[in-house]
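Novice: Dropping in my_file-v2.csv, with CSV, C-alpha atoms and all ligand atoms.
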```csv
chain,number,residue,atom,x,y,z
A,26,MET,CA,-38.4,106.5,122.7
A,27,ALA,CA,-36.3,103.7,121.1
A,28,HIS,CA,-34.6,104.9,117.9
A,29,ASP,CA,-34.0,102.7,114.9
A,30,THR,CA,-30.4,101.5,115.0
A,31,ARG,CA,-30.0,100.1,111.5
A,32,ARG,CA,-26.9,101.5,109.9
A,33,SER,CA,-28.4,103.0,106.9
A,34,THR,CA,-26.3,105.8,105.4
A,35,ARG,CA,-29.1,107.1,103.2
A,36,THR,CA,-32.1,109.2,103.8
A,37,HIS,CA,-35.0,108.1,101.7
A,38,ARG,CA,-38.6,109.3,101.6
A,39,HIS,CA,-40.3,106.8,103.9
A,40,PRO,CA,-44.0,107.3,103.3
A,41,GLU,CA,-44.8,106.0,106.7
A,42,THR,CA,-41.9,107.0,108.9
A,43,GLY,CA,-40.5,110.1,107.2
A,44,PRO,CA,-36.8,111.0,106.7
A,45,ARG,CA,-34.0,109.3,108.6
A,46,LEU,CA,-30.6,110.5,109.5
A,47,THR,CA,-27.5,108.7,110.7
A,48,VAL,CA,-25.9,110.4,113.7
A,49,VAL,CA,-22.4,109.5,114.8
A,50,GLY,CA,-21.0,110.4,118.2
A,51,ASP,CA,-20.1,108.0,120.9
A,52,ASP,CA,-22.7,105.8,119.4
A,53,ARG,CA,-24.0,105.5,115.9
A,54,GLU,CA,-27.7,105.6,115.3
A,55,THR,CA,-30.0,106.0,112.4
A,56,VAL,CA,-32.9,108.1,113.8
A,57,ARG,CA,-36.3,109.0,112.5
A,58,LEU,CA,-36.6,112.8,112.5
A,59,ALA,CA,-40.3,112.4,113.3
A,60,ASP,CA,-39.3,111.1,116.7
A,61,PHE,CA,-37.8,114.4,117.8
A,62,PRO,CA,-39.4,117.8,118.7
A,63,THR,CA,-39.1,120.6,116.1
A,64,VAL,CA,-38.6,124.3,116.4
A,65,ASP,CA,-38.8,127.3,114.0
A,66,ARG,CA,-35.8,129.3,113.1
A,67,ASP,CA,-35.2,132.2,110.7
A,68,CYS,CA,-32.1,131.6,108.5
A,69,THR,CA,-30.7,133.1,105.4
A,70,VAL,CA,-28.7,130.8,103.1
A,71,VAL,CA,-26.1,133.0,101.3
A,72,CYS,CA,-24.2,131.7,98.4
A,73,ALA,CA,-20.7,133.0,97.3
A,74,SER,CA,-22.4,134.0,94.1
A,75,GLY,CA,-24.6,136.5,96.0
A,76,ASP,CA,-27.8,134.5,95.8
A,77,ARG,CA,-29.7,134.4,99.1
A,78,THR,CA,-32.7,132.5,100.4
A,79,SER,CA,-34.3,133.8,103.6
A,80,ALA,CA,-37.0,131.6,105.2
A,81,THR,CA,-38.4,130.3,108.4
A,82,TRP,CA,-37.2,126.7,108.7
A,83,THR,CA,-38.9,124.1,110.9
A,84,GLY,CA,-36.8,121.2,112.1
A,85,VAL,CA,-35.0,119.2,114.7
A,86,PRO,CA,-32.3,121.1,116.7
A,87,VAL,CA,-28.9,119.6,116.1
A,88,PRO,CA,-28.1,119.3,119.8
A,89,GLU,CA,-31.1,117.0,120.2
A,90,LEU,CA,-29.7,114.8,117.6
A,91,LEU,CA,-26.2,114.8,119.2
A,92,ASP,CA,-27.7,114.0,122.6
A,93,ALA,CA,-29.3,110.9,121.1
A,94,VAL,CA,-25.8,109.4,120.4
A,95,GLY,CA,-23.8,111.2,123.1
A,96,ALA,CA,-21.4,113.6,121.3
A,97,PRO,CA,-18.0,113.7,123.1
A,98,PRO,CA,-17.3,116.9,124.9
A,99,GLU,CA,-14.1,117.3,122.9
A,100,THR,CA,-16.2,117.6,119.7
A,101,THR,CA,-14.9,120.6,117.6
A,102,HIS,CA,-16.6,120.0,114.3
A,103,LEU,CA,-19.6,118.3,112.7
A,104,ARG,CA,-19.2,116.6,109.3
A,105,VAL,CA,-22.5,116.7,107.4
A,106,VAL,CA,-22.8,114.3,104.5
A,107,ALA,CA,-25.3,114.4,101.7
A,108,ASP,CA,-26.2,111.7,99.2
A,109,ASP,CA,-25.0,113.7,96.2
A,110,GLY,CA,-21.3,113.5,97.1
A,111,TYR,CA,-21.4,116.8,99.1
A,112,ALA,CA,-19.8,116.7,102.5
A,113,VAL,CA,-18.9,119.7,104.7
A,114,CYS,CA,-17.4,120.4,108.1
A,115,VAL,CA,-19.0,122.9,110.4
A,116,GLU,CA,-17.6,124.3,113.6
A,117,VAL,CA,-19.6,122.8,116.4
A,118,ARG,CA,-20.3,126.2,118.0
A,119,ASP,CA,-21.9,127.3,114.6
A,120,ALA,CA,-23.9,124.1,114.6
A,121,LEU,CA,-25.4,124.4,118.0
A,122,ASP,CA,-28.3,126.6,116.8
A,123,ALA,CA,-28.6,124.7,113.5
A,124,LEU,CA,-31.5,122.5,112.5
A,125,VAL,CA,-32.1,119.5,110.4
A,126,ALA,CA,-35.1,121.2,108.8
A,127,LEU,CA,-38.1,119.4,107.4
A,128,ARG,CA,-40.1,122.5,106.3
A,129,ARG,CA,-39.3,125.9,104.8
A,130,ASP,CA,-41.9,128.6,105.3
A,131,GLY,CA,-44.3,125.9,106.4
A,132,THR,CA,-44.0,123.8,103.3
A,133,ARG,CA,-42.5,120.3,103.6
A,134,LEU,CA,-39.2,120.2,101.7
A,135,ALA,CA,-40.1,116.7,100.6
A,136,ASP,CA,-43.0,118.3,98.7
A,137,ALA,CA,-41.1,121.2,97.2
A,138,GLU,CA,-37.5,120.0,96.6
A,139,ALA,CA,-35.6,117.0,95.4
A,140,TYR,CA,-34.5,116.5,99.0
A,141,PRO,CA,-36.6,116.0,102.2
A,142,THR,CA,-34.3,117.7,104.8
A,143,ARG,CA,-31.8,120.5,105.0
A,144,PHE,CA,-29.0,121.2,107.5
A,145,VAL,CA,-29.4,124.9,108.1
A,146,GLY,CA,-28.6,127.5,110.8
A,147,PRO,CA,-28.2,131.2,111.3
A,148,SER,CA,-24.4,130.7,111.9
A,149,VAL,CA,-23.8,128.1,109.2
A,150,PRO,CA,-22.3,129.4,106.0
A,151,GLY,CA,-24.6,129.0,103.0
A,152,GLU,CA,-22.5,126.6,101.1
A,153,ARG,CA,-22.5,124.4,104.2
A,154,CYS,CA,-26.3,124.3,104.5
A,155,VAL,CA,-26.4,120.8,103.2
A,156,LYS,CA,-29.4,119.7,101.1
A,157,GLY,CA,-30.5,116.2,101.8
A,158,PRO,CA,-28.1,115.3,104.7
A,159,VAL,CA,-27.9,111.6,105.3
A,160,ALA,CA,-25.3,111.7,108.1
A,161,VAL,CA,-24.0,114.0,110.8
A,162,GLU,CA,-20.8,113.0,112.5
A,163,ALA,CA,-19.1,114.5,115.6
A,164,HIS,CA,-15.3,115.0,115.1
A,165,ALA,CA,-12.7,116.1,117.6
A,166,LEU,CA,-10.0,117.8,115.6
A,167,GLY,CA,-6.7,119.0,117.0
A,168,ALA,CA,-5.3,122.4,116.4
A,169,ARG,CA,-3.2,121.1,113.5
A,170,ASP,CA,-6.0,119.2,111.8
A,171,ASP,CA,-7.4,120.8,108.7
A,172,PRO,CA,-11.3,120.5,108.8
A,173,GLU,CA,-11.3,121.0,105.0
A,174,GLU,CA,-9.7,117.6,104.7
A,175,LEU,CA,-13.0,116.1,105.9
A,176,GLU,CA,-14.9,118.0,103.1
A,177,ALA,CA,-15.5,115.8,100.1
A,178,VAL,CA,-15.9,118.7,97.7
A,179,THR,CA,-14.3,121.8,96.5
A,180,LEU,CA,-16.9,124.3,97.5
A,181,ASP,CA,-16.3,126.5,94.5
A,182,ASP,CA,-16.9,123.5,92.2
A,183,PRO,CA,-19.5,124.7,89.7
A,184,GLN,CA,-21.4,121.3,89.9
A,185,PHE,CA,-22.4,122.3,93.4
A,186,GLY,CA,-24.8,125.3,93.2
B,201,LIG,N1,-26.2,118.4,99.1
B,201,LIG,C1,-25.9,119.6,98.6
B,201,LIG,N2,-26.1,120.7,99.5
B,201,LIG,C2,-25.8,121.9,99.1
B,201,LIG,C3,-25.2,122.2,97.8
B,201,LIG,C4,-25.0,121.0,97.0
B,201,LIG,O1,-24.5,121.1,95.8
B,201,LIG,N3,-25.4,119.8,97.4
B,201,LIG,N4,-24.8,123.5,97.4
B,201,LIG,C5,-24.6,124.4,98.5
B,201,LIG,C6,-24.4,125.8,98.1
B,201,LIG,S1,-22.9,126.2,97.4
B,201,LIG,C7,-25.3,126.7,98.4
B,201,LIG,S2,-25.0,128.4,98.1
B,201,LIG,C8,-26.6,126.4,98.9
B,201,LIG,C9,-27.7,126.9,98.0
B,201,LIG,O2,-29.0,126.7,98.6
B,201,LIG,P1,-30.3,127.2,97.9
B,201,LIG,O3,-30.4,126.4,96.6
B,201,LIG,O4,-31.4,126.8,98.8
B,201,LIG,O5,-30.2,128.7,97.7
B,201,LIG,O6,-26.8,125.0,99.2
B,201,LIG,C10,-25.6,124.3,99.6
B,201,LIG,N5,-26.0,123.0,99.9
B,202,MO,MO,-23.1,128.4,96.7
```
Taking this structure as input, can you express it in the form of structure tokens?
Specialist:
Amino acid sequence: MAHDTRRSTRTHRHPETGPRLTVVGDDRETVRLADFPTVDRDCTVVCASGDRTSATWTGVPVPELLDAVGAPPETTHLRVVADDGYAVCVEVRDALDALVALRRDGTRLADAEAYPTRFVGPSVPGERCVKGPVAVEAHALGARDDPEELEAVTLDDPQFG
């Protein structure tokens, strides 16, 4: 199916087409999540504070999204960017069983939260389970590159719960 190629960097609630996500690899595409198959996955989001949220998440597997743009084989990290200034870097091996979720325990996130999608996975640290991701970018970092330099936030900043 042909994907939308407009270079939007924001995910909005599109009443007709649903949430979108910009995926950056060899190509850059803004895709409609509704165009992809979804799977269910049990994940627990654990905060440094001790709070935890366990749920069954339904969403698009991250590898499906990367395949749409052709992530380079050298990819080491994914940078996941939200529209609230939050951006994190996740090791690609931890992202391979992650989802861009649309539902939590069967309920649409768009109906329950201020954001319509969630980057979440069993191997993704809780603070990196980004609410309302608008972009996922493949990066190939060298051994001396610091992935935290790609993170826009100090993760212990109290403004980010
Ligand atoms: N966009 C965005 N995603 C975010 C955050 C945020 O501030 N903004 N906080 C993170 C942190 S620190 C944690 S612990 C979890 C909290 O998720 P929960 O509210 O579902 O428990 O979301 C993460 N994802
Ligand atoms: Mo957190």
Novice: 8 Å from ligand LIG 201 (chain B) is the threshold here; counting only C-alpha atoms and all ligand atoms, which polymer residues fall inside it? Answer as number ranges by chain.
Specialist: A: 70-74, 76-78, 106-112, 143, 151-158, 180-181, 184-186
Novice: Could you jot down the CA of Asp122 (chain A) to CA of Ala80 (chain A) separation for me, Å, one decimal place?
Specialist: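 Computing it gives 15.3 Å between the two atoms.
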Novice: Between CA of Leu175 (chain A) and CA of Arg104 (chain A), what is the distance, to one decimal in Å?
Specialist: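 So the answer is 7.1 Å.
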Novice: Could you check how far CA of Asp92 (chain A) sits from CA of Ala137 (chain A), in Å to one decimal?
Specialist: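 Calculated distance between CA of Asp92 (chain A) and CA of Ala137 (chain A) is 29.6 Å.
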Novice: Considering only C-alpha atoms, tabulate each residue of region 87-175 of chain A that lies at most 9 Å from region 44-53 of chain A along with its nearest interatomic pair and the corresponding distance in Å to one decimal; arrange the rows by chain and ascending residue number and present them as a tab-separated table.
Specialist:
```
residue	atom	partner	partner_atom	distance
A:Leu90	CA	A:Val48	CA	7.0
A:Leu91	CA	A:Gly50	CA	6.9
A:Asp92	CA	A:Gly50	CA	8.8
A:Ala93	CA	A:Val48	CA	8.2
A:Val94	CA	A:Asp52	CA	4.9
A:Gly95	CA	A:Asp51	CA	5.4
A:Ala96	CA	A:Gly50	CA	4.5
A:Pro97	CA	A:Asp51	CA	6.5
A:Thr100	CA	A:Gly50	CA	8.8
A:Leu127	CA	A:Pro44	CA	8.5
A:Ala135	CA	A:Pro44	CA	9.0
A:Pro141	CA	A:Pro44	CA	6.7
A:Thr142	CA	A:Pro44	CA	7.4
A:Pro158	CA	A:Leu46	CA	7.2
A:Val159	CA	A:Leu46	CA	5.1
A:Ala160	CA	A:Thr47	CA	4.5
A:Val161	CA	A:Val48	CA	5.0
A:Glu162	CA	A:Val49	CA	4.5
A:Ala163	CA	A:Gly50	CA	5.2
A:His164	CA	A:Gly50	CA	8.0
```
Novice: In terms of the shortest atom-to-atom distance over all atoms listed in the file, which of A:Ala165, A:Val56, A:Arg129, A:Gly75 is closest to ligand MO 202 (chain B)?
Specialist: A:Gly75
Novice: From the options A:Gly131, A:Pro150, A:Ala120, A:Pro62, which residue's atoms come nearest to ligand MO 202 (chain B), counting only C-alpha atoms and all ligand atoms?
Specialist: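 Ranking A:Gly131, A:Pro150, A:Ala120, A:Pro62 by distance to ligand MO 202 (chain B), first place goes to A:Pro150.
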Novice: Between A:Gly43, A:Pro172, A:Pro98, A:Pro147, single out the one closest to Trp82 (chain A), counting all atoms listed in the file.
Specialist: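 Under the stated criterion, the closest residue is A:Pro147.
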Novice: Using all atoms listed in the file, find the one residue out of A:Glu99, A:Asp136, A:Asp130, A:Glu41 that sits nearest to Arg118 (chain A).
Specialist: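 Under the stated criterion, the closest residue is A:Glu99.
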Novice: When you count all atoms listed in the file, which of these residues is closest to Val87 (chain A): A:Ala139, A:Ala59, A:Val125, A:Cys114?
Specialist: A:Val125
Novice: Excluding same-chain residues fewer than 3 positions from Thr63 (chain A), what lies within 9 Å of it counting all atoms listed in the file, as an MDAnalysis selection string?
Specialist: chainID A and resid 58:59 83:86 124 126:127
